[in-house]
file my_file.txt (compact mmCIF, C-alpha atoms and all ligand atoms)
# COMPACT_ATOMS: atom_id res chain seq x y z
CA MET A 10 -6.31 17.89 3.30
CA LYS A 11 -5.81 19.68 0.01
CA ILE A 12 -2.65 21.71 -0.43
CA GLN A 13 -1.92 24.53 -2.85
CA GLU A 14 -0.20 23.92 -6.17
CA ALA A 15 2.97 25.71 -5.00
CA ASP A 16 3.21 23.42 -1.95
CA ALA A 17 2.47 20.35 -4.05
CA LYS A 18 5.28 21.36 -6.39
CA LEU A 19 7.58 21.67 -3.39
CA LEU A 20 6.85 18.06 -2.42
CA LEU A 21 7.27 16.83 -6.00
CA ARG A 22 10.58 18.66 -6.30
CA ALA A 23 11.75 17.10 -3.04
CA GLN A 24 11.11 13.70 -4.64
CA GLY A 25 13.26 14.66 -7.62
CA LEU A 26 10.48 15.36 -10.13
CA PRO A 27 11.02 18.04 -12.79
CA VAL A 28 9.07 21.14 -11.80
CA PRO A 29 9.57 24.66 -13.18
CA PRO A 30 10.58 27.40 -10.72
CA TRP A 31 7.91 29.60 -9.14
CA THR A 32 7.26 32.45 -6.74
CA VAL A 33 4.08 33.01 -4.74
CA ALA A 34 2.86 36.62 -4.82
CA ARG A 35 0.15 38.17 -2.65
CA SER A 36 -0.11 41.45 -4.51
CA ALA A 37 0.16 42.66 -8.10
CA SER A 38 3.37 44.50 -7.29
CA GLU A 39 4.93 41.35 -5.81
CA ALA A 40 3.89 39.53 -8.99
CA ARG A 41 5.53 42.26 -11.04
CA THR A 42 8.83 41.94 -9.17
CA ALA A 43 8.84 38.15 -9.58
CA ALA A 44 7.99 38.42 -13.27
CA ALA A 45 10.75 40.98 -13.84
CA THR A 46 13.28 38.59 -12.31
CA TYR A 47 12.26 35.65 -14.52
CA LEU A 48 12.15 37.85 -17.62
CA ALA A 49 15.64 39.19 -16.85
CA HIS A 50 16.94 35.64 -16.57
CA GLY A 51 15.93 34.43 -20.00
CA ALA A 52 12.21 33.72 -19.79
CA SER A 53 10.37 35.08 -22.82
CA ALA A 54 7.07 35.13 -20.90
CA VAL A 55 5.72 34.34 -17.46
CA VAL A 56 2.65 32.45 -16.34
CA VAL A 57 0.46 33.88 -13.55
CA LYS A 58 -1.81 31.34 -11.83
CA ALA A 59 -4.49 31.70 -9.17
CA GLN A 60 -3.63 29.74 -6.02
CA VAL A 61 -6.93 28.30 -4.86
CA LEU A 62 -7.77 24.78 -3.77
CA VAL A 63 -10.01 24.00 -6.74
CA GLY A 64 -9.37 22.68 -10.23
CA GLY A 65 -10.33 24.22 -13.55
CA ARG A 66 -8.57 27.49 -12.85
CA GLY A 67 -7.51 27.77 -16.48
CA LYS A 68 -11.09 27.58 -17.73
CA ALA A 69 -12.19 30.11 -15.11
CA GLY A 70 -9.62 32.65 -16.34
CA GLY A 71 -7.27 32.09 -13.43
CA VAL A 72 -4.22 31.14 -15.55
CA LYS A 73 -2.71 33.79 -17.82
CA LEU A 74 0.53 34.42 -19.70
CA ALA A 75 2.34 37.77 -19.66
CA ARG A 76 5.28 38.98 -21.79
CA THR A 77 6.37 42.00 -19.75
CA ALA A 78 6.51 42.96 -16.08
CA ASP A 79 3.74 45.52 -16.74
CA ASP A 80 1.60 42.80 -18.27
CA ALA A 81 2.27 40.48 -15.35
CA GLU A 82 1.22 43.16 -12.89
CA SER A 83 -2.07 43.85 -14.64
CA VAL A 84 -2.82 40.16 -15.18
CA ALA A 85 -2.10 39.49 -11.50
CA SER A 86 -4.33 42.34 -10.38
CA ALA A 87 -7.14 40.88 -12.51
CA ILE A 88 -6.70 37.39 -11.02
CA LEU A 89 -6.28 38.53 -7.39
CA GLY A 90 -9.73 39.05 -5.93
CA MET A 91 -11.36 36.96 -8.66
CA SER A 92 -13.80 34.31 -7.43
CA ILE A 93 -13.21 30.78 -8.71
CA LYS A 94 -15.89 28.24 -7.81
CA GLY A 95 -16.88 30.47 -4.90
CA ILE A 96 -13.35 30.94 -3.56
CA THR A 97 -11.71 34.36 -3.61
CA VAL A 98 -8.17 34.36 -5.00
CA ARG A 99 -5.73 35.82 -2.46
CA LYS A 100 -2.41 34.78 -4.00
CA VAL A 101 -0.94 33.90 -7.36
CA LEU A 102 1.94 31.75 -8.53
CA VAL A 103 4.35 33.42 -10.95
CA GLY A 104 6.85 31.40 -12.98
CA PRO A 105 8.58 31.29 -16.34
CA ALA A 106 6.03 30.25 -18.99
CA ALA A 107 6.75 26.96 -20.66
CA GLU A 108 6.47 26.55 -24.41
CA ILE A 109 4.16 23.55 -24.56
CA VAL A 110 4.56 20.97 -27.34
CA GLN A 111 2.12 18.40 -25.94
CA GLU A 112 0.13 17.89 -22.73
CA PHE A 113 -0.46 14.64 -20.84
CA TYR A 114 -2.27 13.58 -17.71
CA LEU A 115 -0.42 11.58 -15.06
CA GLY A 116 -1.87 10.83 -11.65
CA ALA A 117 -1.69 8.42 -8.74
CA ILE A 118 -4.69 7.65 -6.57
CA LEU A 119 -5.39 5.38 -3.67
CA ASP A 120 -7.78 2.81 -5.07
CA ARG A 121 -9.87 1.72 -2.10
CA ALA A 122 -11.34 -1.29 -3.91
CA SER A 123 -7.97 -2.93 -4.58
CA ARG A 124 -6.28 -1.24 -1.61
CA ARG A 125 -3.41 -0.31 -3.89
CA ILE A 126 -1.98 2.80 -5.44
CA VAL A 127 -3.05 3.04 -9.07
CA VAL A 128 -1.15 5.18 -11.55
CA MET A 129 -3.19 6.61 -14.41
CA ALA A 130 -1.94 8.19 -17.60
CA SER A 131 -3.69 9.75 -20.54
CA ALA A 132 -2.66 11.49 -23.75
CA GLU A 133 -5.60 13.82 -23.14
CA GLY A 134 -3.81 16.16 -20.79
CA GLY A 135 -4.81 19.62 -19.64
CA VAL A 136 -8.51 18.77 -19.41
CA GLU A 137 -10.13 17.53 -16.22
CA ILE A 138 -9.64 13.78 -15.96
CA GLU A 139 -13.24 13.26 -14.80
CA GLU A 140 -14.39 14.58 -18.20
CA VAL A 141 -12.07 12.20 -20.04
CA ALA A 142 -13.30 9.32 -17.87
CA LYS A 143 -16.90 10.10 -18.86
CA ARG A 144 -16.35 10.79 -22.55
CA ASP A 145 -13.71 8.21 -23.36
CA PRO A 146 -12.78 5.85 -20.50
CA GLY A 147 -10.48 3.91 -22.85
CA ALA A 148 -8.22 6.96 -23.08
CA ILE A 149 -7.10 6.45 -19.48
CA HIS A 150 -4.44 3.81 -18.92
CA ARG A 151 -3.83 2.26 -15.51
CA GLU A 152 -1.12 0.36 -13.69
CA THR A 153 -1.40 -0.92 -10.13
CA ALA A 154 1.65 -0.36 -7.93
CA HIS A 155 3.02 -3.10 -5.71
CA PRO A 156 2.43 -2.32 -2.00
CA PHE A 157 6.15 -2.62 -1.12
CA LEU A 158 7.98 -2.35 -4.42
CA GLY A 159 6.00 0.54 -5.89
CA LEU A 160 5.65 0.91 -9.63
CA ALA A 161 7.97 -1.32 -11.67
CA ASP A 162 9.96 0.14 -14.56
CA TRP A 163 8.13 -2.07 -17.04
CA GLN A 164 4.77 -0.81 -15.78
CA ALA A 165 5.88 2.80 -16.16
CA ARG A 166 7.16 2.04 -19.68
CA ARG A 167 3.85 0.41 -20.57
CA LEU A 168 2.09 3.62 -19.51
CA ALA A 169 4.53 5.70 -21.54
CA PHE A 170 3.92 3.68 -24.70
CA ALA A 171 0.16 3.70 -24.12
CA VAL A 172 0.11 7.51 -24.25
CA GLY A 173 2.53 7.65 -27.16
CA LEU A 174 5.65 8.70 -25.27
CA GLY A 175 8.96 7.10 -26.12
CA GLY A 176 12.43 7.95 -27.35
CA VAL A 177 14.13 10.77 -25.46
CA HIS A 178 11.24 11.08 -22.98
CA LEU A 179 11.02 7.45 -21.90
CA ARG A 180 13.57 7.56 -19.08
CA THR A 181 12.19 10.77 -17.57
CA PHE A 182 8.62 9.54 -17.82
CA VAL A 183 9.53 6.31 -16.01
CA ALA A 184 11.23 8.32 -13.25
CA ILE A 185 8.24 10.67 -12.93
CA ALA A 186 5.65 7.87 -12.82
CA LYS A 187 7.66 6.01 -10.16
CA GLY A 188 8.19 9.30 -8.33
CA LEU A 189 4.44 9.79 -8.07
CA VAL A 190 4.12 6.54 -6.16
CA THR A 191 7.05 7.45 -3.91
CA THR A 192 5.40 10.81 -3.25
CA MET A 193 2.15 9.04 -2.33
CA THR A 194 3.83 6.75 0.18
CA THR A 195 6.33 9.28 1.56
CA TYR A 196 3.67 11.82 2.50
CA ASP A 197 0.67 9.48 2.95
CA ALA A 198 -1.18 11.20 0.13
CA ASP A 199 -4.36 9.81 -1.37
CA LEU A 200 -3.98 11.73 -4.62
CA VAL A 201 -0.97 13.05 -6.52
CA GLU A 202 -1.78 14.50 -9.91
CA ILE A 203 0.23 16.20 -12.64
CA ASN A 204 -2.09 17.74 -15.21
CA PRO A 205 -0.60 18.72 -17.49
CA LEU A 206 2.65 16.83 -17.58
CA ALA A 207 4.00 18.55 -20.67
CA ILE A 208 6.63 18.12 -23.33
CA VAL A 209 8.10 21.62 -23.43
CA ARG A 210 10.58 23.25 -25.77
CA GLU A 211 13.51 25.14 -24.32
CA THR A 212 16.41 26.99 -25.84
CA ASP A 213 19.80 26.61 -24.17
CA ALA A 214 22.52 29.28 -23.81
CA ASP A 215 23.96 28.40 -27.25
CA GLY A 216 20.59 28.83 -28.92
CA ASN A 217 19.99 25.11 -29.34
CA SER A 218 16.41 23.93 -29.01
CA LEU A 219 15.68 20.95 -26.78
CA VAL A 220 12.53 19.23 -25.56
CA LYS A 221 11.86 17.81 -22.11
CA LEU A 222 9.10 16.71 -19.75
CA LEU A 223 7.95 19.13 -17.06
CA ALA A 224 5.19 19.04 -14.42
CA LEU A 225 3.32 22.29 -15.14
CA ASP A 226 0.60 21.72 -12.56
CA ALA A 227 0.51 19.70 -9.34
CA LYS A 228 -2.30 18.62 -7.11
CA ILE A 229 -1.85 16.65 -3.90
CA THR A 230 -4.35 15.66 -1.23
CA LEU A 231 -2.99 14.30 2.00
CA ASP A 232 -4.71 11.70 4.14
CA ASP A 233 -5.96 13.61 7.20
CA SER A 234 -5.73 10.53 9.38
CA ALA A 235 -2.02 10.19 8.58
CA LEU A 236 -1.16 13.85 9.27
CA PRO A 237 0.01 13.18 12.84
CA ARG A 238 2.89 11.25 11.22
CA HIS A 239 3.90 14.37 9.28
CA PRO A 240 3.87 17.33 11.66
CA ASP A 241 5.81 19.41 9.11
CA LEU A 242 3.05 19.00 6.53
CA GLU A 243 0.50 20.50 8.91
CA ALA A 244 2.15 23.86 8.11
CA LEU A 245 0.88 23.53 4.53
CA ARG A 246 -2.72 23.69 5.67
CA ASP A 247 -4.40 26.73 4.12
CA LEU A 248 -6.74 27.91 6.88
CA GLY A 249 -7.87 30.85 4.75
CA GLU A 250 -9.66 28.48 2.40
CA GLU A 251 -11.12 26.00 4.82
CA ASP A 252 -14.72 25.93 5.90
CA PRO A 253 -14.74 27.75 9.28
CA ALA A 254 -16.88 24.89 10.64
CA ASP A 255 -14.12 22.40 9.82
CA VAL A 256 -11.54 24.57 11.57
CA GLU A 257 -13.78 24.90 14.64
CA ALA A 258 -14.44 21.14 14.71
CA ARG A 259 -10.74 20.35 14.54
CA THR A 260 -9.92 22.83 17.31
CA HIS A 261 -12.31 21.02 19.64
CA ASP A 262 -11.31 17.57 18.40
CA LEU A 263 -14.80 16.85 17.07
CA SER A 264 -15.41 14.61 14.10
CA PHE A 265 -17.88 16.64 12.03
CA ILE A 266 -19.24 16.35 8.50
CA ARG A 267 -21.94 18.65 7.20
CA LEU A 268 -24.83 17.08 5.25
CA ASP A 269 -27.92 18.42 3.50
CA GLY A 270 -30.76 17.59 5.90
CA THR A 271 -32.52 19.46 8.72
CA ILE A 272 -31.94 17.26 11.78
CA GLY A 273 -28.76 18.19 13.63
CA CYS A 274 -27.21 15.14 15.30
CA MET A 275 -24.91 15.09 18.32
CA VAL A 276 -23.67 11.64 19.23
CA ASN A 277 -20.73 10.04 21.00
CA GLY A 278 -18.99 7.33 18.99
CA ALA A 279 -18.75 7.02 15.22
CA GLY A 280 -20.77 3.80 15.01
CA LEU A 281 -23.57 5.19 17.15
CA ALA A 282 -23.53 8.37 15.05
CA MET A 283 -24.04 6.31 11.88
CA THR A 284 -26.87 4.35 13.51
CA THR A 285 -28.48 7.58 14.66
CA MET A 286 -28.39 8.94 11.11
CA ASP A 287 -29.98 5.72 9.83
CA LEU A 288 -32.80 5.98 12.35
CA VAL A 289 -33.40 9.63 11.51
CA LYS A 290 -33.82 8.55 7.90
CA ARG A 291 -36.11 5.69 8.86
CA ALA A 292 -38.26 8.13 10.80
CA GLY A 293 -38.63 10.12 7.56
CA GLY A 294 -36.04 12.83 8.25
CA GLU A 295 -32.68 13.81 6.81
CA PRO A 296 -29.62 14.32 9.03
CA ALA A 297 -27.95 17.76 8.79
CA ASN A 298 -24.60 16.40 9.88
CA PHE A 299 -22.50 13.58 11.16
CA LEU A 300 -21.05 14.55 14.52
CA ASP A 301 -19.05 12.36 16.88
CA ILE A 302 -18.11 14.21 20.06
CA GLY A 303 -15.82 11.35 21.04
CA GLY A 304 -15.37 9.58 24.35
CA GLY A 305 -15.17 11.44 27.64
CA ALA A 306 -16.62 14.60 26.12
CA ARG A 307 -16.88 17.29 28.75
CA ALA A 308 -19.32 20.17 29.02
CA ASP A 309 -17.25 22.69 27.03
CA LYS A 310 -16.87 20.24 24.15
CA VAL A 311 -20.60 19.61 24.11
CA ALA A 312 -21.21 23.35 24.00
CA ALA A 313 -18.82 23.71 21.06
CA ALA A 314 -20.57 20.87 19.23
CA MET A 315 -23.92 22.57 19.80
CA ARG A 316 -22.59 25.85 18.36
CA LEU A 317 -21.39 23.99 15.26
CA ILE A 318 -24.79 22.41 14.71
CA LEU A 319 -26.66 25.67 15.22
CA GLU A 320 -24.42 27.60 12.83
CA ASP A 321 -26.09 25.58 10.08
CA ARG A 322 -29.24 27.56 9.25
CA LYS A 323 -30.88 24.48 7.72
CA VAL A 324 -31.10 22.79 11.12
CA GLN A 325 -34.69 22.70 12.41
CA ALA A 326 -34.36 20.18 15.22
CA ILE A 327 -31.52 18.62 17.17
CA LEU A 328 -31.20 15.03 18.23
CA VAL A 329 -28.74 14.30 21.02
CA ASN A 330 -27.91 10.64 21.50
CA ILE A 331 -25.38 9.81 24.18
CA PHE A 332 -24.33 6.42 25.40
CA GLY A 333 -22.55 7.07 28.65
CA GLY A 334 -19.46 4.96 29.10
CA ILE A 335 -16.36 7.03 29.57
CA THR A 336 -18.58 9.95 28.63
CA ARG A 337 -20.61 10.85 31.72
CA GLY A 338 -24.26 11.62 31.08
CA ASP A 339 -24.42 14.42 33.64
CA GLU A 340 -21.44 16.18 32.02
CA VAL A 341 -23.23 16.09 28.67
CA ALA A 342 -26.46 17.35 30.27
CA LYS A 343 -24.56 20.28 31.84
CA GLY A 344 -22.98 21.05 28.49
CA LEU A 345 -26.38 21.04 26.80
CA ILE A 346 -27.87 23.34 29.43
CA GLU A 347 -24.96 25.73 29.13
CA ALA A 348 -25.09 25.60 25.33
CA ARG A 349 -28.81 26.33 25.26
CA SER A 350 -28.38 29.33 27.52
CA GLN A 351 -25.96 30.81 24.95
CA GLN A 352 -28.08 29.80 22.00
CA HIS A 353 -28.97 32.68 19.71
CA ARG A 354 -31.84 30.88 18.03
CA GLU A 355 -34.58 28.63 19.35
CA VAL A 356 -34.41 25.10 17.92
CA PRO A 357 -36.30 22.14 19.38
CA MET A 358 -34.05 19.52 20.91
CA VAL A 359 -34.65 15.90 21.85
CA VAL A 360 -32.17 14.23 24.18
CA ARG A 361 -31.56 10.59 24.85
CA ILE A 362 -28.89 9.79 27.40
CA VAL A 363 -28.30 6.28 28.73
CA GLY A 364 -25.42 4.65 30.61
CA THR A 365 -23.06 6.27 33.10
CA ASN A 366 -24.84 8.83 35.33
CA ALA A 367 -27.98 8.71 33.16
CA ASP A 368 -30.26 9.26 36.17
CA GLU A 369 -28.47 12.41 37.19
CA ALA A 370 -28.55 13.54 33.56
CA GLN A 371 -32.32 12.97 33.34
CA ARG A 372 -32.87 14.96 36.53
CA LEU A 373 -30.83 17.92 35.25
CA LEU A 374 -32.54 17.86 31.86
CA ARG A 375 -36.03 17.63 33.39
CA GLU A 376 -35.30 20.60 35.63
CA ALA A 377 -34.14 22.56 32.60
CA ARG A 378 -37.31 21.49 30.72
CA PHE A 379 -35.57 19.56 27.94
CA GLU A 380 -37.50 17.12 25.81
CA THR A 381 -36.09 13.65 26.48
CA ALA A 382 -36.59 10.21 24.98
CA ALA A 383 -36.01 6.74 26.40
CA THR A 384 -35.13 4.94 23.20
CA LEU A 385 -33.33 5.96 20.06
CA ASP A 386 -36.37 5.21 17.89
CA GLU A 387 -38.50 7.47 20.03
CA ALA A 388 -35.85 10.20 19.96
CA ALA A 389 -35.57 10.05 16.16
CA GLU A 390 -39.34 10.20 15.70
CA LYS A 391 -39.70 13.13 18.09
CA ALA A 392 -36.88 15.05 16.41
CA VAL A 393 -38.32 14.51 12.93
CA ALA A 394 -41.80 15.54 14.10
CA ALA A 395 -40.37 18.66 15.74
CA ALA A 396 -38.53 19.63 12.55
CA ARG A 397 -41.74 19.12 10.53
CA ALA A 398 -43.65 21.34 12.95
CA VAL A 399 -41.02 24.06 12.61
CA GLY A 400 -40.33 24.17 8.92
CA GLY A 401 -42.41 21.75 6.89
CA ALA A 402 -40.83 18.70 5.28
CA ALA A 403 -37.66 17.47 6.95
P1 LIG B 501 -5.96 24.14 -13.88
O1 LIG B 501 -6.82 24.65 -15.00
O2 LIG B 501 -6.47 24.58 -12.55
O3 LIG B 501 -5.76 22.67 -13.95
O4 LIG B 501 -4.53 24.85 -14.05
P2 LIG B 501 -3.23 24.40 -14.90
O5 LIG B 501 -2.04 24.76 -14.15
O6 LIG B 501 -3.32 22.97 -15.31
O7 LIG B 501 -3.30 25.33 -16.17
C1 LIG B 501 -4.32 25.21 -17.13
C2 LIG B 501 -3.74 25.26 -18.53
O8 LIG B 501 -3.00 26.45 -18.71
C3 LIG B 501 -2.76 24.14 -18.82
O9 LIG B 501 -3.39 22.96 -19.25
C4 LIG B 501 -1.94 24.75 -19.94
O10 LIG B 501 -2.57 24.55 -21.18
C5 LIG B 501 -1.93 26.21 -19.58
N1 LIG B 501 -0.65 26.53 -18.95
C6 LIG B 501 -0.28 26.35 -17.66
N2 LIG B 501 1.00 26.67 -17.48
C7 LIG B 501 1.47 27.07 -18.68
C8 LIG B 501 2.75 27.53 -19.17
O11 LIG B 501 3.74 27.62 -18.44
N3 LIG B 501 2.82 27.82 -20.48
C9 LIG B 501 1.76 27.73 -21.34
N4 LIG B 501 1.93 28.02 -22.62
N5 LIG B 501 0.55 27.30 -20.93
C10 LIG B 501 0.42 26.97 -19.62
MN MN B 502 -4.25 21.39 -14.21
call {"tool": "encode", "arguments": {"input": "my_file.txt", "output": "structure tokens"}}
result
Amino acid sequence: MKIQEADAKLLLRAQGLPVPPWTVARSASEARTAAATYLAHGASAVVVKAQVLVGGRGKAGGVKLARTADDAESVASAILGMSIKGITVRKVLVGPAAEIVQEFYLGAILDRASRRIVVMASAEGGVEIEEVAKRDPGAIHRETAHPFLGLADWQARRLAFAVGLGGVHLRTFVAIAKGLVTTMTTYDADLVEINPLAIVRETDADGNSLVKLLALDAKITLDDSALPRHPDLEALRDLGEEDPADVEARTHDLSFIRLDGTIGCMVNGAGLAMTTMDLVKRAGGEPANFLDIGGGARADKVAAAMRLILEDRKVQAILVNIFGGITRGDEVAKGLIEARSQQHREVPMVVRIVGTNADEAQRLLREARFETAATLDEAAEKAVAAARAVGGAA
């Protein structure tokens, strides 16, 4: 689950990392009020940033500075409603603008190969790290955290020196790098990224200039499978930006992933769902989705799964593959019959049901004139042929 920058900053701040203050505004006039407050309290400018769950907002024109409340209002009204990578901006973050001296990249990821948290740092901050990785992989420095002890001070210092940070910034950098790993483990994140981590110049009350490190941007993705351990983090989910299909799938407790093909798949069990997709491919087709309806799926759940599959306009045939164990075949058959009666478009369907109550299921399906198959190979071939007949190449 991706969370918005403002929420990511909240989590970083809770772990003691240096983050500038901010306000989230949903209208230009709210942005104006927030800006006026920061400007009245010593900020010489404010930054207005689109809050959308995609990167590269700066490049897309979604990050702007403003020197007056009027400016902030007009900048905010330009950003609100803007579309960034296909997502409409509905809120902006307003905060005091930092005077940037230098930008760095600092991030922690879950490295699945080593099964460890890896902290990455680069002196090429502000640009997307994927670009740096492509252009100049040597510019990214890595340290692997210990599973129990986290990142050691010496590792954090090595990263600091590698990106050219030392002197007054060394202590803060070490704390921030270690804090990233703590943030990862505390919230079960699989990515925590600060880009840019910036050296900024500030002027204190006596007019003295000082420099310090500040996290100007924050990106966190949380491990969906670990969310039940963090019920409070569920509140950070931004439903407005999620694919409606994902929301629907979660409501019905279905495990659903959309793919590019034309054969909709409805299967019980993750392993069987993978196998089904393999056999669709072997039969010359491309699966339109991964869908595991889970064990003990009842008729209403089956109907919901069918709606999800049919919402995808690319789907030209549906393959239902059910191995009845806890899931009763006749329940699934009833769900399919009900779902088809509500179906707003005609799509050929091939059903294979074996196991618990399979005979009863077959009887119901025959009566309702469903196409059935005895084996999975046969089912896959029939589904692919049906899709070809409907819309050309699968
Ligand atoms: P992203 O493009 O979505 O990653 O958004 P960022 O928050 O990283 O902002 C993009 C760029 O805008 C940063 O790399 C900075 O160069 C600039 N920027 C962001 N915040 C500030 C700020 O407070 N002051 C100044 N001067 N520039 C900023
Ligand atoms: Mn950024």
call {"tool": "residues_near_ligand", "arguments": {"input": "my_file.txt", "ligand": "ligand LIG 501 (chain B)", "cutoff": "6 Å", "atoms": "all atoms listed in the file", "output": "ChimeraX atom specification"}}
result
/A:56,64-68,72,106-109,135,204-205,225-226
call {"tool": "closest_residue", "arguments": {"input": "my_file.txt", "among": "A:Leu206, A:Leu160, A:Leu222, A:Ala312", "to": "ligand MN 502 (chain B)", "atoms": "all atoms listed in the file"}}
result
A:Leu206
call {"tool": "atom_distance", "arguments": {"input": "my_file.txt", "atom1": "atom CA of A:Val61", "atom2": "atom CA of A:Tyr196"}}
result
20.9 Å
call {"tool": "closest_residue", "arguments": {"input": "my_file.txt", "among": "A:Gly159, A:Thr32, A:Ala224, A:Asp269", "to": "A:Val209", "atoms": "all atoms listed in the file"}}
result
A:Ala224
call {"tool": "residues_around", "arguments": {"input": "my_file.txt", "residues": "A:Ala148", "least_positions_apart": "5", "cutoff": "9 Å", "atoms": "all atoms listed in the file", "output": "list of chain:residue names"}}
result
A:Ala130, A:Ser131, A:Ala132, A:Glu133, A:Val141, A:Ala142, A:Val172
call {"tool": "write_last_selection", "arguments": {"input": "my_file.txt", "atoms": "C-alpha atoms", "output": "short mmCIF file (atom, residue, chain, number, x, y, z; two decimals), keeping the file's coordinate frame"}}
result
data_model
loop_
_atom_site.label_atom_id
_atom_site.label_comp_id
_atom_site.auth_asym_id
_atom_site.auth_seq_id
_atom_site.Cartn_x
_atom_site.Cartn_y
_atom_site.Cartn_z
CA ALA A 130 -1.94 8.19 -17.60
CA SER A 131 -3.69 9.75 -20.54
CA ALA A 132 -2.66 11.49 -23.75
CA GLU A 133 -5.60 13.82 -23.14
CA VAL A 141 -12.07 12.20 -20.04
CA ALA A 142 -13.30 9.32 -17.87
CA VAL A 172 0.11 7.51 -24.25
#
call {"tool": "residues_around", "arguments": {"input": "my_file.txt", "residues": "A:Ala207", "least_positions_apart": "4", "cutoff": "6 Å", "atoms": "all atoms listed in the file", "output": "MDAnalysis selection string"}}
result
chainID A and resid 111:113 222:223
call {"tool": "closest_residue", "arguments": {"input": "my_file.txt", "among": "A:Ala49, A:Leu231, A:Leu21, A:Ile88", "to": "A:Ile185", "atoms": "all atoms listed in the file"}}
result
A:Leu21
call {"tool": "closest_residue", "arguments": {"input": "my_file.txt", "among": "A:Met91, A:Leu385, A:Ala254, A:Leu288", "to": "A:Ala59", "atoms": "all atoms listed in the file"}}
result
A:Met91
call {"tool": "residues_around", "arguments": {"input": "my_file.txt", "residues": "A:Arg322", "least_positions_apart": "2", "cutoff": "10 Å", "atoms": "only C-alpha atoms", "output": "ChimeraX atom specification"}}
result
/A:271,297,318-320,324-325,354
call {"tool": "closest_residue", "arguments": {"input": "my_file.txt", "among": "A:Ala227, A:Val127, A:Ala292, A:Ala169", "to": "ligand MN 502 (chain B)", "atoms": "all atoms listed in the file"}}
result
A:Ala227
call {"tool": "residues_near_point", "arguments": {"input": "my_file.txt", "point": "(-36.2, 19.8, 32.3)", "cutoff": "12 Å", "atoms": "only C-alpha atoms", "output": "CSV table (one decimal) with C-alpha atoms, in the frame of the given file"}}
result
chain,number,residue,atom,x,y,z
A,342,ALA,CA,-26.5,17.4,30.3
A,343,LYS,CA,-24.6,20.3,31.8
A,345,LEU,CA,-26.4,21.0,26.8
A,346,ILE,CA,-27.9,23.3,29.4
A,358,MET,CA,-34.0,19.5,20.9
A,359,VAL,CA,-34.6,15.9,21.8
A,360,VAL,CA,-32.2,14.2,24.2
A,369,GLU,CA,-28.5,12.4,37.2
A,370,ALA,CA,-28.6,13.5,33.6
A,371,GLN,CA,-32.3,13.0,33.3
A,372,ARG,CA,-32.9,15.0,36.5
A,373,LEU,CA,-30.8,17.9,35.2
A,374,LEU,CA,-32.5,17.9,31.9
A,375,ARG,CA,-36.0,17.6,33.4
A,376,GLU,CA,-35.3,20.6,35.6
A,377,ALA,CA,-34.1,22.6,32.6
A,378,ARG,CA,-37.3,21.5,30.7
A,379,PHE,CA,-35.6,19.6,27.9
A,380,GLU,CA,-37.5,17.1,25.8
A,381,THR,CA,-36.1,13.6,26.5
call {"tool": "residues_around", "arguments": {"input": "my_file.txt", "residues": "A:Ser234", "least_positions_apart": "4", "cutoff": "10 Å", "atoms": "all atoms listed in the file", "output": "list in words"}}
result
Met10, Asp197 and Arg238 of chain A
call {"tool": "atom_distance", "arguments": {"input": "my_file.txt", "atom1": "atom CA of A:Ala383", "atom2": "atom CA of A:Asp301"}}
result
20.2 Å
call {"tool": "axis_aligned_box", "arguments": {"input": "my_file.txt", "around": "stretch 364-373 of chain A", "padding_each_side": "6 Å", "output": "AutoDock Vina command-line options"}}
result
--center_x -28.0 --center_y 11.3 --center_z 33.9 --size_x 21.8 --size_y 25.3 --size_z 18.6
call {"tool": "residues_around", "arguments": {"input": "my_file.txt", "residues": "stretch 331-333 of chain A", "least_positions_apart": "5", "cutoff": "6 Å", "atoms": "all atoms listed in the file", "output": "PyMOL selection string"}}
result
chain A and resi 276-277+338+362-365
call {"tool": "atom_distance", "arguments": {"input": "my_file.txt", "atom1": "atom CA of A:Lys391", "atom2": "atom CA of A:His261"}}
result
28.5 Å
call {"tool": "closest_residue", "arguments": {"input": "my_file.txt", "among": "A:Lys58, A:Arg22, A:Lys310, A:Lys11", "to": "ligand MN 502 (chain B)", "atoms": "only C-alpha atoms and all ligand atoms"}}
result
A:Lys58
call {"tool": "decode", "arguments": {"input": "my_file.txt", "residues": "stretch 50-56 of chain A", "atoms": "N, CA and C atoms", "output": "short mmCIF file (atom, residue, chain, number, x, y, z; two decimals), in the first residue's frame"}}
result
data_model
loop_
_atom_site.label_atom_id
_atom_site.label_comp_id
_atom_site.auth_asym_id
_atom_site.auth_seq_id
_atom_site.Cartn_x
_atom_site.Cartn_y
_atom_site.Cartn_z
N HIS A 50 5.19 33.57 9.97
CA HIS A 50 6.08 33.05 10.99
C HIS A 50 7.50 32.88 10.49
N GLY A 51 7.90 33.71 9.56
CA GLY A 51 9.32 33.75 9.19
C GLY A 51 9.72 33.08 7.90
N ALA A 52 8.82 32.34 7.27
CA ALA A 52 9.19 31.72 6.00
C ALA A 52 9.25 32.80 4.92
N SER A 53 10.28 32.74 4.06
CA SER A 53 10.36 33.76 3.01
C SER A 53 9.61 33.28 1.76
N ALA A 54 9.31 32.00 1.71
CA ALA A 54 8.50 31.45 0.60
C ALA A 54 7.87 30.16 1.08
N VAL A 55 6.87 29.70 0.35
CA VAL A 55 6.28 28.40 0.67
C VAL A 55 6.37 27.49 -0.55
N VAL A 56 6.33 26.19 -0.29
CA VAL A 56 6.31 25.22 -1.38
C VAL A 56 4.91 24.60 -1.40
#
